[in-house]
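Coordinates from query_34.csv are shown below (CSV, C-alpha atoms).
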```
chain,number,residue,atom,x,y,z
A,1072,MET,CA,-15.5,121.7,-8.4
A,1073,THR,CA,-15.9,121.2,-12.2
A,1074,GLU,CA,-18.0,118.2,-13.1
A,1075,ARG,CA,-16.2,115.4,-14.8
A,1076,ALA,CA,-16.5,115.2,-18.6
A,1077,PRO,CA,-18.9,112.5,-19.8
A,1078,VAL,CA,-17.9,109.1,-21.3
A,1079,SER,CA,-17.9,108.6,-25.0
A,1080,ARG,CA,-21.3,109.2,-26.6
A,1081,LYS,CA,-20.5,107.0,-29.5
A,1082,LEU,CA,-19.6,104.0,-27.4
A,1083,SER,CA,-22.5,104.6,-25.1
A,1084,SER,CA,-24.8,104.1,-28.0
A,1085,ILE,CA,-23.4,100.6,-28.8
A,1086,ALA,CA,-25.5,97.7,-27.5
A,1087,GLU,CA,-24.0,94.6,-25.8
A,1088,SER,CA,-23.9,91.6,-28.1
A,1089,ALA,CA,-27.3,89.9,-27.7
A,1090,THR,CA,-26.0,86.4,-28.4
A,1091,LEU,CA,-23.3,86.7,-25.8
A,1092,LYS,CA,-25.7,88.2,-23.3
A,1093,VAL,CA,-28.1,85.3,-23.6
A,1094,ASP,CA,-25.3,82.8,-23.5
A,1095,ALA,CA,-23.9,84.4,-20.3
A,1096,LYS,CA,-27.3,84.4,-18.6
A,1097,ALA,CA,-27.7,80.7,-19.5
A,1098,LYS,CA,-24.2,79.9,-18.1
A,1099,ALA,CA,-25.0,81.8,-14.9
A,1100,LEU,CA,-28.2,79.7,-14.4
A,1101,LYS,CA,-26.2,76.5,-15.1
A,1102,SER,CA,-23.7,77.5,-12.4
A,1103,GLU,CA,-26.6,77.8,-10.0
A,1104,GLY,CA,-27.4,74.2,-10.7
A,1105,LYS,CA,-30.3,74.7,-13.0
A,1106,PRO,CA,-30.6,72.2,-16.0
A,1107,VAL,CA,-30.5,74.9,-18.7
A,1108,ILE,CA,-30.0,73.8,-22.2
A,1109,SER,CA,-28.5,76.7,-24.3
A,1110,TYR,CA,-28.9,77.1,-28.1
A,1111,ALA,CA,-27.6,80.7,-27.8
A,1112,ALA,CA,-23.9,80.8,-28.7
A,1113,GLY,CA,-22.5,80.1,-32.1
A,1114,GLU,CA,-19.7,77.9,-30.8
A,1115,PRO,CA,-18.9,74.3,-31.7
A,1116,ASP,CA,-19.0,71.9,-28.8
A,1117,PHE,CA,-16.1,69.9,-30.2
A,1118,ALA,CA,-12.5,70.1,-29.0
A,1119,THR,CA,-10.0,71.8,-31.3
A,1120,PRO,CA,-8.3,68.9,-33.3
A,1121,GLN,CA,-5.3,67.6,-31.5
A,1122,PHE,CA,-2.8,68.2,-34.3
A,1123,ILE,CA,-3.7,71.9,-34.1
A,1124,VAL,CA,-3.1,71.9,-30.3
A,1125,ASP,CA,0.2,70.1,-30.9
A,1126,ALA,CA,1.3,72.8,-33.3
A,1127,ALA,CA,0.6,75.4,-30.7
A,1128,ALA,CA,2.6,73.4,-28.1
A,1129,GLU,CA,5.5,73.2,-30.5
A,1130,ALA,CA,5.3,76.9,-31.1
A,1131,LEU,CA,5.7,77.5,-27.4
A,1132,ARG,CA,9.2,76.0,-27.6
A,1133,ASP,CA,10.4,78.6,-30.2
A,1134,PRO,CA,11.5,81.9,-28.5
A,1135,ALA,CA,10.8,83.7,-31.8
A,1136,ASN,CA,7.1,83.5,-31.0
A,1137,PHE,CA,7.6,85.5,-27.8
A,1138,ARG,CA,8.5,88.6,-29.8
A,1139,TYR,CA,6.6,91.1,-31.8
A,1140,THR,CA,5.9,90.0,-35.4
A,1141,PRO,CA,4.4,91.9,-38.3
A,1142,ALA,CA,1.2,93.6,-37.4
A,1143,ALA,CA,-0.6,92.2,-40.5
A,1144,GLY,CA,0.3,88.6,-39.5
A,1145,LEU,CA,3.0,86.0,-39.9
A,1146,PRO,CA,4.1,85.9,-43.5
A,1147,VAL,CA,3.7,82.1,-43.7
A,1148,LEU,CA,0.1,82.3,-42.4
A,1149,ARG,CA,-0.8,85.1,-44.8
A,1150,GLU,CA,0.5,82.8,-47.6
A,1151,ALA,CA,-1.7,79.9,-46.3
A,1152,ILE,CA,-4.7,82.2,-46.2
A,1153,ALA,CA,-4.1,83.4,-49.7
A,1154,ALA,CA,-4.0,79.7,-50.8
A,1155,LYS,CA,-7.2,79.0,-49.0
A,1156,THR,CA,-8.8,82.1,-50.6
A,1157,LEU,CA,-7.9,80.7,-54.0
A,1158,ARG,CA,-9.1,77.2,-53.2
A,1159,ASP,CA,-12.4,78.1,-51.5
A,1160,SER,CA,-13.3,81.5,-52.8
A,1161,GLY,CA,-11.8,81.3,-56.3
A,1162,LEU,CA,-9.9,84.5,-55.9
A,1163,GLU,CA,-6.1,84.7,-56.4
A,1164,VAL,CA,-4.6,87.3,-54.1
A,1165,SER,CA,-1.1,88.2,-52.9
A,1166,PRO,CA,-0.3,87.5,-49.2
A,1167,SER,CA,0.1,91.3,-49.0
A,1168,GLN,CA,-3.6,91.6,-49.5
A,1169,VAL,CA,-4.2,89.6,-46.3
A,1170,ILE,CA,-4.4,90.9,-42.7
A,1171,VAL,CA,-4.6,88.4,-39.8
A,1172,THR,CA,-6.9,89.7,-37.1
A,1173,ASN,CA,-8.0,88.9,-33.6
A,1174,GLY,CA,-10.9,86.8,-34.6
A,1175,GLY,CA,-13.4,87.5,-37.4
A,1176,LYS,CA,-15.0,90.3,-35.3
A,1177,GLN,CA,-11.9,92.5,-35.6
A,1178,ALA,CA,-11.9,91.8,-39.4
A,1179,VAL,CA,-15.5,92.9,-39.6
A,1180,TYR,CA,-14.8,96.1,-37.6
A,1181,GLN,CA,-11.7,97.0,-39.7
A,1182,ALA,CA,-13.5,96.3,-43.0
A,1183,PHE,CA,-16.1,98.9,-42.2
A,1184,GLN,CA,-13.5,101.3,-40.9
A,1185,ALA,CA,-11.7,101.0,-44.2
A,1186,VAL,CA,-14.5,101.7,-46.6
A,1187,VAL,CA,-17.2,103.7,-44.7
A,1188,ASN,CA,-17.1,107.5,-44.2
A,1189,PRO,CA,-19.4,109.5,-41.9
A,1190,GLY,CA,-22.9,109.5,-43.1
A,1191,ASP,CA,-22.4,106.7,-45.6
A,1192,GLU,CA,-25.2,104.2,-45.9
A,1193,VAL,CA,-24.5,100.4,-45.7
A,1194,LEU,CA,-27.2,98.0,-46.9
A,1195,LEU,CA,-27.6,95.4,-44.3
A,1196,PRO,CA,-29.8,92.3,-45.3
A,1197,ALA,CA,-31.8,91.2,-42.4
A,1198,PRO,CA,-31.9,88.9,-40.4
A,1199,TYR,CA,-28.3,89.9,-39.7
A,1200,TRP,CA,-25.6,89.0,-37.2
A,1201,THR,CA,-26.0,91.3,-34.2
A,1202,THR,CA,-22.5,92.8,-34.5
A,1203,TYR,CA,-22.9,94.3,-38.1
A,1204,PRO,CA,-25.0,97.3,-37.3
A,1205,GLU,CA,-22.9,98.2,-34.3
A,1206,ALA,CA,-19.7,97.9,-36.3
A,1207,ILE,CA,-21.2,100.1,-39.1
A,1208,ALA,CA,-22.2,102.7,-36.4
A,1209,LEU,CA,-18.6,102.7,-35.0
A,1210,ALA,CA,-17.4,103.7,-38.5
A,1211,ASP,CA,-20.0,106.6,-38.4
A,1212,GLY,CA,-22.0,104.8,-41.1
A,1213,VAL,CA,-25.8,104.3,-41.3
A,1214,PRO,CA,-27.1,100.7,-41.4
A,1215,VAL,CA,-30.0,100.4,-43.8
A,1216,GLU,CA,-31.9,97.1,-43.1
A,1217,VAL,CA,-33.3,95.2,-46.0
A,1218,PHE,CA,-35.5,92.4,-44.7
A,1219,ALA,CA,-36.3,89.0,-46.2
A,1220,GLY,CA,-38.6,86.7,-44.4
A,1221,ALA,CA,-39.0,83.0,-44.2
A,1222,ASP,CA,-41.1,83.0,-47.4
A,1223,GLN,CA,-37.8,84.1,-49.2
A,1224,ASP,CA,-35.7,81.7,-47.3
A,1225,TYR,CA,-34.3,84.9,-45.6
A,1226,LYS,CA,-32.5,85.9,-48.8
A,1227,VAL,CA,-32.8,89.4,-50.3
A,1228,THR,CA,-33.2,90.1,-53.9
A,1229,VAL,CA,-31.6,92.6,-56.3
A,1230,GLU,CA,-34.9,94.4,-56.5
A,1231,GLN,CA,-35.0,94.9,-52.7
A,1232,LEU,CA,-31.5,96.2,-52.7
A,1233,GLU,CA,-32.1,98.6,-55.5
A,1234,ALA,CA,-35.2,99.9,-53.8
A,1235,ALA,CA,-33.1,100.7,-50.7
A,1236,ARG,CA,-30.1,102.2,-52.6
A,1237,THR,CA,-29.6,106.0,-52.5
A,1238,ASP,CA,-26.8,108.3,-53.5
A,1239,ARG,CA,-25.3,107.8,-50.1
A,1240,THR,CA,-25.1,104.0,-50.4
A,1241,THR,CA,-21.4,103.0,-50.1
A,1242,ALA,CA,-21.4,99.3,-49.1
A,1243,LEU,CA,-23.4,96.1,-48.9
A,1244,VAL,CA,-23.0,93.3,-46.3
A,1245,PHE,CA,-23.2,89.9,-48.0
A,1246,VAL,CA,-23.2,86.7,-45.9
A,1247,SER,CA,-23.6,83.2,-47.3
A,1248,PRO,CA,-24.0,80.9,-45.4
A,1249,SER,CA,-25.8,83.2,-43.0
A,1250,ASN,CA,-25.7,83.8,-39.4
A,1251,PRO,CA,-28.4,83.7,-38.0
A,1252,THR,CA,-30.5,81.9,-40.6
A,1253,GLY,CA,-28.2,79.3,-42.1
A,1254,SER,CA,-29.4,80.3,-45.6
A,1255,VAL,CA,-27.1,79.9,-48.6
A,1256,TYR,CA,-27.5,82.0,-51.7
A,1257,THR,CA,-27.4,80.0,-55.0
A,1258,PRO,CA,-24.6,80.8,-57.5
A,1259,GLU,CA,-27.2,82.6,-59.7
A,1260,GLU,CA,-28.5,84.7,-56.8
A,1261,THR,CA,-25.0,85.5,-55.7
A,1262,ALA,CA,-24.0,86.5,-59.3
A,1263,ALA,CA,-27.0,88.8,-59.6
A,1264,ILE,CA,-26.2,90.7,-56.4
A,1265,GLY,CA,-22.6,90.9,-57.3
A,1266,GLN,CA,-23.2,92.2,-60.7
A,1267,TRP,CA,-25.6,94.8,-59.3
A,1268,ALA,CA,-23.0,96.0,-56.7
A,1269,LEU,CA,-20.3,96.1,-59.5
A,1270,GLU,CA,-22.5,98.3,-61.7
A,1271,HIS,CA,-23.2,100.8,-58.9
A,1272,GLY,CA,-19.6,100.9,-57.5
A,1273,ILE,CA,-20.7,99.6,-54.2
A,1274,TRP,CA,-18.3,98.0,-51.8
A,1275,VAL,CA,-19.1,94.5,-50.7
A,1276,ILE,CA,-18.2,93.2,-47.2
A,1277,SER,CA,-18.6,89.4,-47.7
A,1278,ASP,CA,-18.4,87.4,-44.5
A,1279,GLU,CA,-17.3,83.8,-45.4
A,1280,ILE,CA,-16.7,82.5,-41.9
A,1281,TYR,CA,-19.2,79.6,-42.5
A,1282,GLN,CA,-18.2,78.8,-46.1
A,1283,ASN,CA,-17.0,75.3,-45.3
A,1284,LEU,CA,-20.1,74.3,-43.3
A,1285,VAL,CA,-22.6,73.5,-45.9
A,1286,TYR,CA,-24.9,70.5,-46.5
A,1287,GLU,CA,-26.9,68.5,-49.0
A,1288,GLY,CA,-24.2,68.9,-51.6
A,1289,VAL,CA,-24.5,72.6,-51.6
A,1290,ARG,CA,-21.4,74.8,-52.1
A,1291,ALA,CA,-21.3,78.4,-50.8
A,1292,VAL,CA,-20.0,80.2,-53.9
A,1293,SER,CA,-18.0,83.3,-53.2
A,1294,ILE,CA,-19.3,86.5,-54.7
A,1295,VAL,CA,-15.9,87.3,-56.2
A,1296,GLU,CA,-15.8,83.9,-57.8
A,1297,VAL,CA,-19.0,84.4,-59.8
A,1298,VAL,CA,-18.3,88.1,-60.4
A,1299,PRO,CA,-14.5,88.3,-60.7
A,1300,GLY,CA,-14.6,92.0,-61.6
A,1301,LEU,CA,-16.0,92.7,-58.1
A,1302,ALA,CA,-12.6,91.8,-56.4
A,1303,GLY,CA,-11.5,95.5,-56.6
A,1304,GLN,CA,-14.4,96.5,-54.3
A,1305,THR,CA,-14.8,93.5,-52.1
A,1306,ILE,CA,-13.4,92.7,-48.7
A,1307,LEU,CA,-13.6,89.0,-47.6
A,1308,VAL,CA,-13.8,88.2,-43.9
A,1309,ASN,CA,-13.1,84.8,-42.6
A,1310,GLY,CA,-11.4,82.8,-39.8
A,1311,VAL,CA,-10.7,79.4,-38.3
A,1312,ALA,CA,-13.2,79.7,-35.4
A,1313,LYS,CA,-16.2,77.8,-36.8
A,1314,THR,CA,-14.7,75.2,-39.2
A,1315,TYR,CA,-12.0,74.0,-36.7
A,1316,ALA,CA,-13.7,74.6,-33.4
A,1317,MET,CA,-11.2,77.4,-32.5
A,1318,THR,CA,-13.5,80.1,-31.2
A,1319,GLY,CA,-11.3,80.9,-28.3
A,1320,TRP,CA,-8.0,81.0,-30.3
A,1321,ARG,CA,-9.1,84.3,-31.8
A,1322,VAL,CA,-7.7,84.1,-35.3
A,1323,GLY,CA,-9.5,85.7,-38.3
A,1324,TRP,CA,-8.5,87.6,-41.4
A,1325,MET,CA,-9.6,90.0,-44.0
A,1326,VAL,CA,-8.7,89.9,-47.7
A,1327,GLY,CA,-9.2,92.8,-50.1
A,1328,PRO,CA,-7.8,95.2,-52.6
A,1329,ALA,CA,-4.4,96.7,-51.8
A,1330,ASP,CA,-5.6,100.2,-50.9
A,1331,ALA,CA,-8.2,99.1,-48.5
A,1332,ILE,CA,-5.9,96.5,-46.9
A,1333,LYS,CA,-3.1,99.1,-46.5
A,1334,ILE,CA,-5.2,101.5,-44.5
A,1335,ALA,CA,-6.8,98.6,-42.4
A,1336,GLY,CA,-3.2,97.5,-41.7
A,1337,ASN,CA,-2.3,100.9,-40.5
A,1338,LEU,CA,-5.3,100.9,-38.2
A,1339,GLN,CA,-4.4,97.5,-36.8
A,1340,SER,CA,-0.8,98.6,-36.2
A,1341,HIS,CA,-2.1,101.1,-33.7
A,1342,LEU,CA,-5.1,99.1,-32.5
A,1343,SER,CA,-3.7,95.7,-31.6
A,1344,SER,CA,-0.4,95.0,-33.4
A,1345,ASN,CA,0.1,91.3,-34.2
A,1346,VAL,CA,-2.3,88.5,-33.2
A,1347,ASN,CA,-0.9,86.1,-30.6
A,1348,ASN,CA,1.9,84.2,-32.4
A,1349,ILE,CA,1.0,80.8,-30.8
A,1350,ALA,CA,-2.6,81.1,-32.1
A,1351,GLN,CA,-1.3,82.1,-35.5
A,1352,ARG,CA,0.8,79.0,-35.6
A,1353,ALA,CA,-2.2,76.9,-34.6
A,1354,ALA,CA,-4.2,78.5,-37.4
A,1355,LEU,CA,-1.5,77.7,-39.9
A,1356,ALA,CA,-1.7,74.1,-38.9
A,1357,ALA,CA,-5.5,74.1,-39.2
A,1358,LEU,CA,-5.3,75.5,-42.8
A,1359,THR,CA,-2.5,73.3,-44.0
A,1360,GLY,CA,-3.0,70.1,-42.0
A,1361,PRO,CA,-5.4,67.2,-42.5
A,1362,GLN,CA,-9.1,68.2,-42.9
A,1363,THR,CA,-10.4,64.8,-41.7
A,1364,GLU,CA,-11.7,66.1,-38.3
A,1365,ALA,CA,-13.1,69.2,-39.8
A,1366,GLU,CA,-15.1,67.0,-42.1
A,1367,GLU,CA,-16.3,64.8,-39.2
A,1368,MET,CA,-17.5,67.9,-37.4
A,1369,ARG,CA,-19.4,69.1,-40.5
A,1370,GLN,CA,-21.1,65.7,-40.8
A,1371,ALA,CA,-22.1,65.9,-37.1
A,1372,PHE,CA,-23.6,69.3,-37.7
A,1373,ASP,CA,-25.5,68.0,-40.6
A,1374,ARG,CA,-27.0,65.2,-38.6
A,1375,ARG,CA,-28.0,67.6,-35.8
A,1376,ARG,CA,-29.5,70.0,-38.4
A,1377,GLU,CA,-31.8,67.3,-39.7
A,1378,VAL,CA,-32.9,66.4,-36.1
A,1379,ILE,CA,-33.6,70.0,-35.0
A,1380,VAL,CA,-35.5,71.0,-38.1
A,1381,ALA,CA,-37.7,67.9,-38.0
A,1382,GLU,CA,-38.4,68.3,-34.2
A,1383,LEU,CA,-39.1,72.0,-34.4
A,1384,ALA,CA,-41.5,71.5,-37.3
A,1385,LYS,CA,-43.7,69.4,-34.9
A,1386,ILE,CA,-44.6,72.5,-32.9
A,1387,PRO,CA,-47.9,74.0,-34.1
A,1388,GLY,CA,-47.4,77.6,-35.1
A,1389,VAL,CA,-43.7,77.3,-35.9
A,1390,THR,CA,-42.4,77.5,-39.5
A,1391,VAL,CA,-38.9,76.1,-40.1
A,1392,PRO,CA,-37.1,76.9,-43.3
A,1393,VAL,CA,-34.4,74.3,-43.9
A,1394,PRO,CA,-30.9,75.8,-43.4
A,1395,LEU,CA,-28.2,74.6,-45.9
A,1396,GLY,CA,-25.2,76.1,-44.1
A,1397,ALA,CA,-23.6,77.2,-40.8
A,1398,PHE,CA,-25.1,75.6,-37.6
A,1399,TYR,CA,-28.2,77.7,-37.0
A,1400,VAL,CA,-31.9,77.2,-37.5
A,1401,TYR,CA,-34.1,80.3,-37.6
A,1402,PRO,CA,-37.8,79.4,-37.1
A,1403,ASP,CA,-40.6,81.8,-37.8
A,1404,VAL,CA,-42.5,81.8,-34.5
A,1405,ARG,CA,-45.2,84.4,-35.3
A,1406,GLY,CA,-47.8,81.7,-34.9
A,1407,LEU,CA,-47.0,81.5,-31.2
A,1408,LEU,CA,-47.3,85.2,-30.6
A,1409,GLY,CA,-50.4,87.2,-29.7
A,1410,ARG,CA,-51.5,84.4,-27.4
A,1411,GLU,CA,-51.5,83.3,-23.8
A,1412,TRP,CA,-49.2,80.5,-22.7
A,1413,ARG,CA,-49.5,79.3,-19.1
A,1414,GLY,CA,-51.4,82.4,-18.3
A,1415,THR,CA,-48.8,84.8,-19.8
A,1416,ARG,CA,-49.6,86.9,-22.8
A,1417,ILE,CA,-46.7,86.7,-25.4
A,1418,ASP,CA,-46.6,89.4,-28.1
A,1419,THR,CA,-42.9,89.5,-29.2
A,1420,SER,CA,-40.1,87.0,-29.7
A,1421,LEU,CA,-38.2,88.8,-27.0
A,1422,GLU,CA,-41.0,88.0,-24.6
A,1423,LEU,CA,-41.1,84.5,-26.0
A,1424,ALA,CA,-37.4,83.9,-25.4
A,1425,ASP,CA,-37.7,85.0,-21.8
A,1426,PHE,CA,-40.8,82.8,-21.3
A,1427,ILE,CA,-39.0,79.8,-22.7
A,1428,LEU,CA,-36.0,80.3,-20.5
A,1429,ASP,CA,-38.2,80.7,-17.4
A,1430,GLU,CA,-40.6,77.9,-18.1
A,1431,ALA,CA,-38.6,75.3,-20.0
A,1432,GLU,CA,-35.0,76.3,-19.0
A,1433,VAL,CA,-34.0,76.5,-22.6
A,1434,ALA,CA,-32.0,79.5,-23.9
A,1435,VAL,CA,-32.7,80.8,-27.4
A,1436,VAL,CA,-31.9,84.2,-29.0
A,1437,PRO,CA,-34.9,86.3,-30.0
A,1438,GLY,CA,-35.3,87.8,-33.5
A,1439,GLU,CA,-35.0,91.3,-32.1
A,1440,ALA,CA,-31.2,90.7,-31.9
A,1441,PHE,CA,-31.1,90.2,-35.7
A,1442,GLY,CA,-33.8,92.4,-37.0
A,1443,PRO,CA,-37.6,92.2,-36.8
A,1444,SER,CA,-39.5,90.4,-34.0
A,1445,GLY,CA,-41.2,87.1,-34.7
A,1446,TYR,CA,-38.2,84.7,-35.0
A,1447,LEU,CA,-35.8,82.7,-32.8
A,1448,ARG,CA,-32.3,81.6,-33.5
A,1449,LEU,CA,-31.1,78.2,-32.2
A,1450,SER,CA,-27.6,77.0,-32.7
A,1451,TYR,CA,-27.3,73.3,-33.1
A,1452,ALA,CA,-23.6,73.3,-32.2
A,1453,LEU,CA,-24.2,71.3,-29.0
A,1454,GLY,CA,-24.3,67.7,-28.0
A,1455,ASP,CA,-26.9,65.4,-29.6
A,1456,ASP,CA,-28.6,64.4,-26.4
A,1457,GLN,CA,-29.0,68.0,-25.2
A,1458,LEU,CA,-30.1,69.1,-28.6
A,1459,LEU,CA,-33.0,66.7,-28.7
A,1460,GLU,CA,-34.0,67.2,-25.1
A,1461,GLY,CA,-34.2,71.0,-25.5
A,1462,VAL,CA,-36.5,70.8,-28.5
A,1463,GLN,CA,-38.7,68.2,-26.7
A,1464,ARG,CA,-39.0,70.7,-23.8
A,1465,LEU,CA,-40.3,73.2,-26.3
A,1466,GLN,CA,-42.7,70.7,-27.8
A,1467,ARG,CA,-44.2,70.1,-24.3
A,1468,LEU,CA,-44.3,73.8,-23.5
A,1469,PHE,CA,-46.3,74.6,-26.6
A,1470,ALA,CA,-48.4,71.5,-26.8
```

Please go through the file and, once you have read it, give me the structure as structure tokens.
Amino acid sequence: MTERAPVSRKLSSIAESATLKVDAKAKALKSEGKPVISYAAGEPDFATPQFIVDAAAEALRDPANFRYTPAAGLPVLREAIAAKTLRDSGLEVSPSQVIVTNGGKQAVYQAFQAVVNPGDEVLLPAPYWTTYPEAIALADGVPVEVFAGADQDYKVTVEQLEAARTDRTTALVFVSPSNPTGSVYTPEETAAIGQWALEHGIWVISDEIYQNLVYEGVRAVSIVEVVPGLAGQTILVNGVAKTYAMTGWRVGWMVGPADAIKIAGNLQSHLSSNVNNIAQRAALAALTGPQTEAEEMRQAFDRRREVIVAELAKIPGVTVPVPLGAFYVYPDVRGLLGREWRGTRIDTSLELADFILDEAEVAVVPGEAFGPSGYLRLSYALGDDQLLEGVQRLQRLFA
């Protein structure tokens, strides 16, 4: 009998999402009755605002929502996304330049598929969100990491990018505010990088999913706002998940030049067709309705940000750059490594994260998921009491 053909080599090389893996392990331990506190998942703990839920309920009463709709999204939602893009990113686009996707992840995947050819290099500032290198690989591209540490507030410079650029460089990933670090590039830093990309004809994939979650009077300025000429080679990725506590609704989008959006739309027409119509109607309500509850959530994140930064800074050997966006803190924990803790030698942040989960029943994501070892990511999108209790467990563990 002939042996069965193997499964896909390309897909076999793709790693499971590290953040979801850690979160799943934490949830499994919780289900066993263990008092695990998880900082792993980037998911707001708030309920989706009621007016958004009501809009979805109303949509269920309209039979038109039970049918196929345009693969690129409901026209009225694409119009609302175009309006938001002008309002928050300073870029005027036609609704035809918008594709509604199944969450921001699909938008990221399709963005790379649209602009990366086999062997193309994509500059990937690190620390990076764990999905980016895998999505680049799925487009047959080559991720090229450009690392910026805590001493740079985790923000790369034009000089670093230029040093990494080759004749095979096709695209740059730009994320501000950042997942996993919470860092926000200044308008001047953003303009410098945008001008560099424009001069060298490099595509920019700009993930703006956290643009409305900023603190201390900071504004996350879009790269196409400070360098308008870059709009012809930039794809903006965004969604409702983080700002409106809608992670499970799975509505994101991509905005870009007509040629890139056309081929990405062709891909989506075969990949998934239209996003769930009920969720699209909910997203429309989120973007066009009152922003009061979104602002209240942002203020709560800000309060939690101050608490977790202050408490983590009390642990000897931990350096905590102050994040100005998103809902993550990314401490440098190299001062805890190369030492024994409770009789266990810890040399990497991966080992440190496992040790913390075993000894303190606290789930964090190790830096290896986002780039070099020596760091941890903690999401402060969880209840105030749990947030404080978890950090206090770490303080006791490393006292």

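Close contacts of Glu1366 in chain A, defined as residues with an atom at most 12 Å away when counting all atoms listed in the file, with chain neighbours fewer than 2 positions off set aside, comprise Pro1120, Asn1283, Leu1284, Val1285, Tyr1286, Thr1314, Tyr1315, Ala1316, Pro1361, Gln1362, Thr1363, Glu1364, Met1368, Arg1369, Gln1370, Ala1371, Phe1372 and Asp1373 of chain A.
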
Could you build a table of the residues in range 1129-1204 of chain A lying no more than 12 Å from range 1446-1462 of chain A, giving for each the nearest pair of atoms and their separation in Å rounded to one decimal place, using all atoms listed in the file, ordered by chain and ascending residue number, as a Markdown table?
```
| residue | atom | partner | partner_atom | distance |
| --- | --- | --- | --- | --- |
| A:Ala1197 | CA | A:Tyr1446 | CA | 11.7 |
| A:Pro1198 | CA | A:Tyr1446 | CA | 9.3 |
| A:Tyr1199 | CA | A:Arg1448 | CA | 11.1 |
| A:Trp1200 | CA | A:Arg1448 | CA | 10.6 |
| A:Thr1201 | CA | A:Arg1448 | CA | 11.6 |
```

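For the set A:Leu1355, A:Ala1440, A:Ala1263, A:Ala1219, the residue with the smallest atom-to-atom gap to Pro1146 in chain A is A:Leu1355, counting all atoms listed in the file.
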
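Distances here use all atoms listed in the file; by that measure, the residue among A:Ser1247, A:Asn1347, A:Gln1168, A:Ser1088 closest to Trp1324 in chain A is A:Gln1168.
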
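Shortest separation to Ala1151 in chain A among A:Leu1243, A:Leu1358, A:Pro1077, A:Gln1282 occurs at residue A:Leu1358, atoms counted being only C-alpha atoms.
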
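The space separating CA of Asn1309 in chain A from CA of Glu1233 in chain A comes to 26.8 Å.
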
Of A:Thr1228, A:Asn1250, A:Thr1390, A:Ser1160, the one nearest to Thr1202 in chain A when counting only C-alpha atoms is A:Asn1250

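If you measure from each of A:Ala1234, A:Thr1240, A:Arg1149, A:Val1404 to Asn1188 in chain A using only C-alpha atoms, the closest one turns out to be A:Thr1240.
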
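Taking CA of Gln1177 in chain A and CA of Lys1098 in chain A as endpoints, the distance between them is 24.8 Å.
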
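Of the listed residues (A:Leu1468, A:Val1393, A:Ala1291, A:Ile1276), A:Ala1291 comes nearest to Glu1260 in chain A; the distances count all atoms listed in the file.
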
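Across the model, the gap from CA of Ala1178 in chain A to CA of Asp1211 in chain A is 16.9 Å.
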
Any idea what's packed within 10 Å of range 1399-1403 of chain A, counting all atoms listed in the file, ignoring anything in its chain fewer than 5 positions away? Could you give it as number ranges by chain? A: 1110-1113, 1198, 1220-1222, 1224-1225, 1248-1254, 1372, 1376, 1379-1380, 1383-1384, 1388-1394, 1420, 1436-1438, 1444-1452

So that I can check the surroundings of Ala1130 in chain A, please list as a PyMOL selection string every protein, DNA and RNA residue that reaches within 10 Å of it, counting only C-alpha atoms and ignoring chain neighbours fewer than 2 positions away. chain A and resi 1124-1128+1132-1137+1348-1353

Sorted per-residue table, range 1256-1296 of chain A near range 1325-1333 of chain A, closest atoms and distance, 12 Å, all atoms listed in the file, as JSON lines:
```
{"residue": "A:Trp1274", "atom": "CA", "partner": "A:Gly1327", "partner_atom": "CA", "distance": 10.6}
{"residue": "A:Val1275", "atom": "CA", "partner": "A:Gly1327", "partner_atom": "CA", "distance": 10.1}
{"residue": "A:Ile1276", "atom": "CA", "partner": "A:Gly1327", "partner_atom": "CA", "distance": 9.5}
{"residue": "A:Ser1277", "atom": "CA", "partner": "A:Met1325", "partner_atom": "CA", "distance": 9.7}
{"residue": "A:Asp1278", "atom": "CA", "partner": "A:Met1325", "partner_atom": "CA", "distance": 9.2}
{"residue": "A:Glu1279", "atom": "CA", "partner": "A:Met1325", "partner_atom": "CA", "distance": 10.0}
{"residue": "A:Ile1280", "atom": "CA", "partner": "A:Met1325", "partner_atom": "CA", "distance": 10.5}
{"residue": "A:Val1295", "atom": "CA", "partner": "A:Gly1327", "partner_atom": "CA", "distance": 10.6}
```

Export, as a PDB file, in the frame of the given file, the selected residues with C-alpha atoms.
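What landed in out.pdb:
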```pdb
ATOM      1  CA  TRP A1274     -18.300  98.000 -51.800  1.00  0.00           C
ATOM      2  CA  VAL A1275     -19.100  94.500 -50.700  1.00  0.00           C
ATOM      3  CA  ILE A1276     -18.200  93.200 -47.200  1.00  0.00           C
ATOM      4  CA  SER A1277     -18.600  89.400 -47.700  1.00  0.00           C
ATOM      5  CA  ASP A1278     -18.400  87.400 -44.500  1.00  0.00           C
ATOM      6  CA  GLU A1279     -17.300  83.800 -45.400  1.00  0.00           C
ATOM      7  CA  ILE A1280     -16.700  82.500 -41.900  1.00  0.00           C
ATOM      8  CA  VAL A1295     -15.900  87.300 -56.200  1.00  0.00           C
TER       9      VAL A1295
END
```

Could I get the residues of range 1074-1143 of chain A with an atom no further than 10 Å from an atom of range 1427-1431 of chain A, each paired with its nearest atom pair and that distance in Å to one decimal, using all atoms listed in the file, sorted by chain and residue number, as CSV?
```
residue,atom,partner,partner_atom,distance
A:Val1093,CA,A:Leu1428,CA,9.8
A:Lys1096,CA,A:Leu1428,CA,9.8
A:Ala1097,CA,A:Leu1428,CA,8.4
A:Leu1100,CA,A:Leu1428,CA,9.9
A:Pro1106,CA,A:Ala1431,CA,9.5
A:Val1107,CA,A:Leu1428,CA,7.9
A:Ile1108,CA,A:Ala1431,CA,9.0
A:Ser1109,CA,A:Leu1428,CA,9.1
```

Nearby residues (all atoms listed in the file) at most 7 Å from Ile1273 in chain A, same-chain spacing under 2 positions excluded, as a ChimeraX atom specification: /A:1241-1243,1268-1269,1271,1275
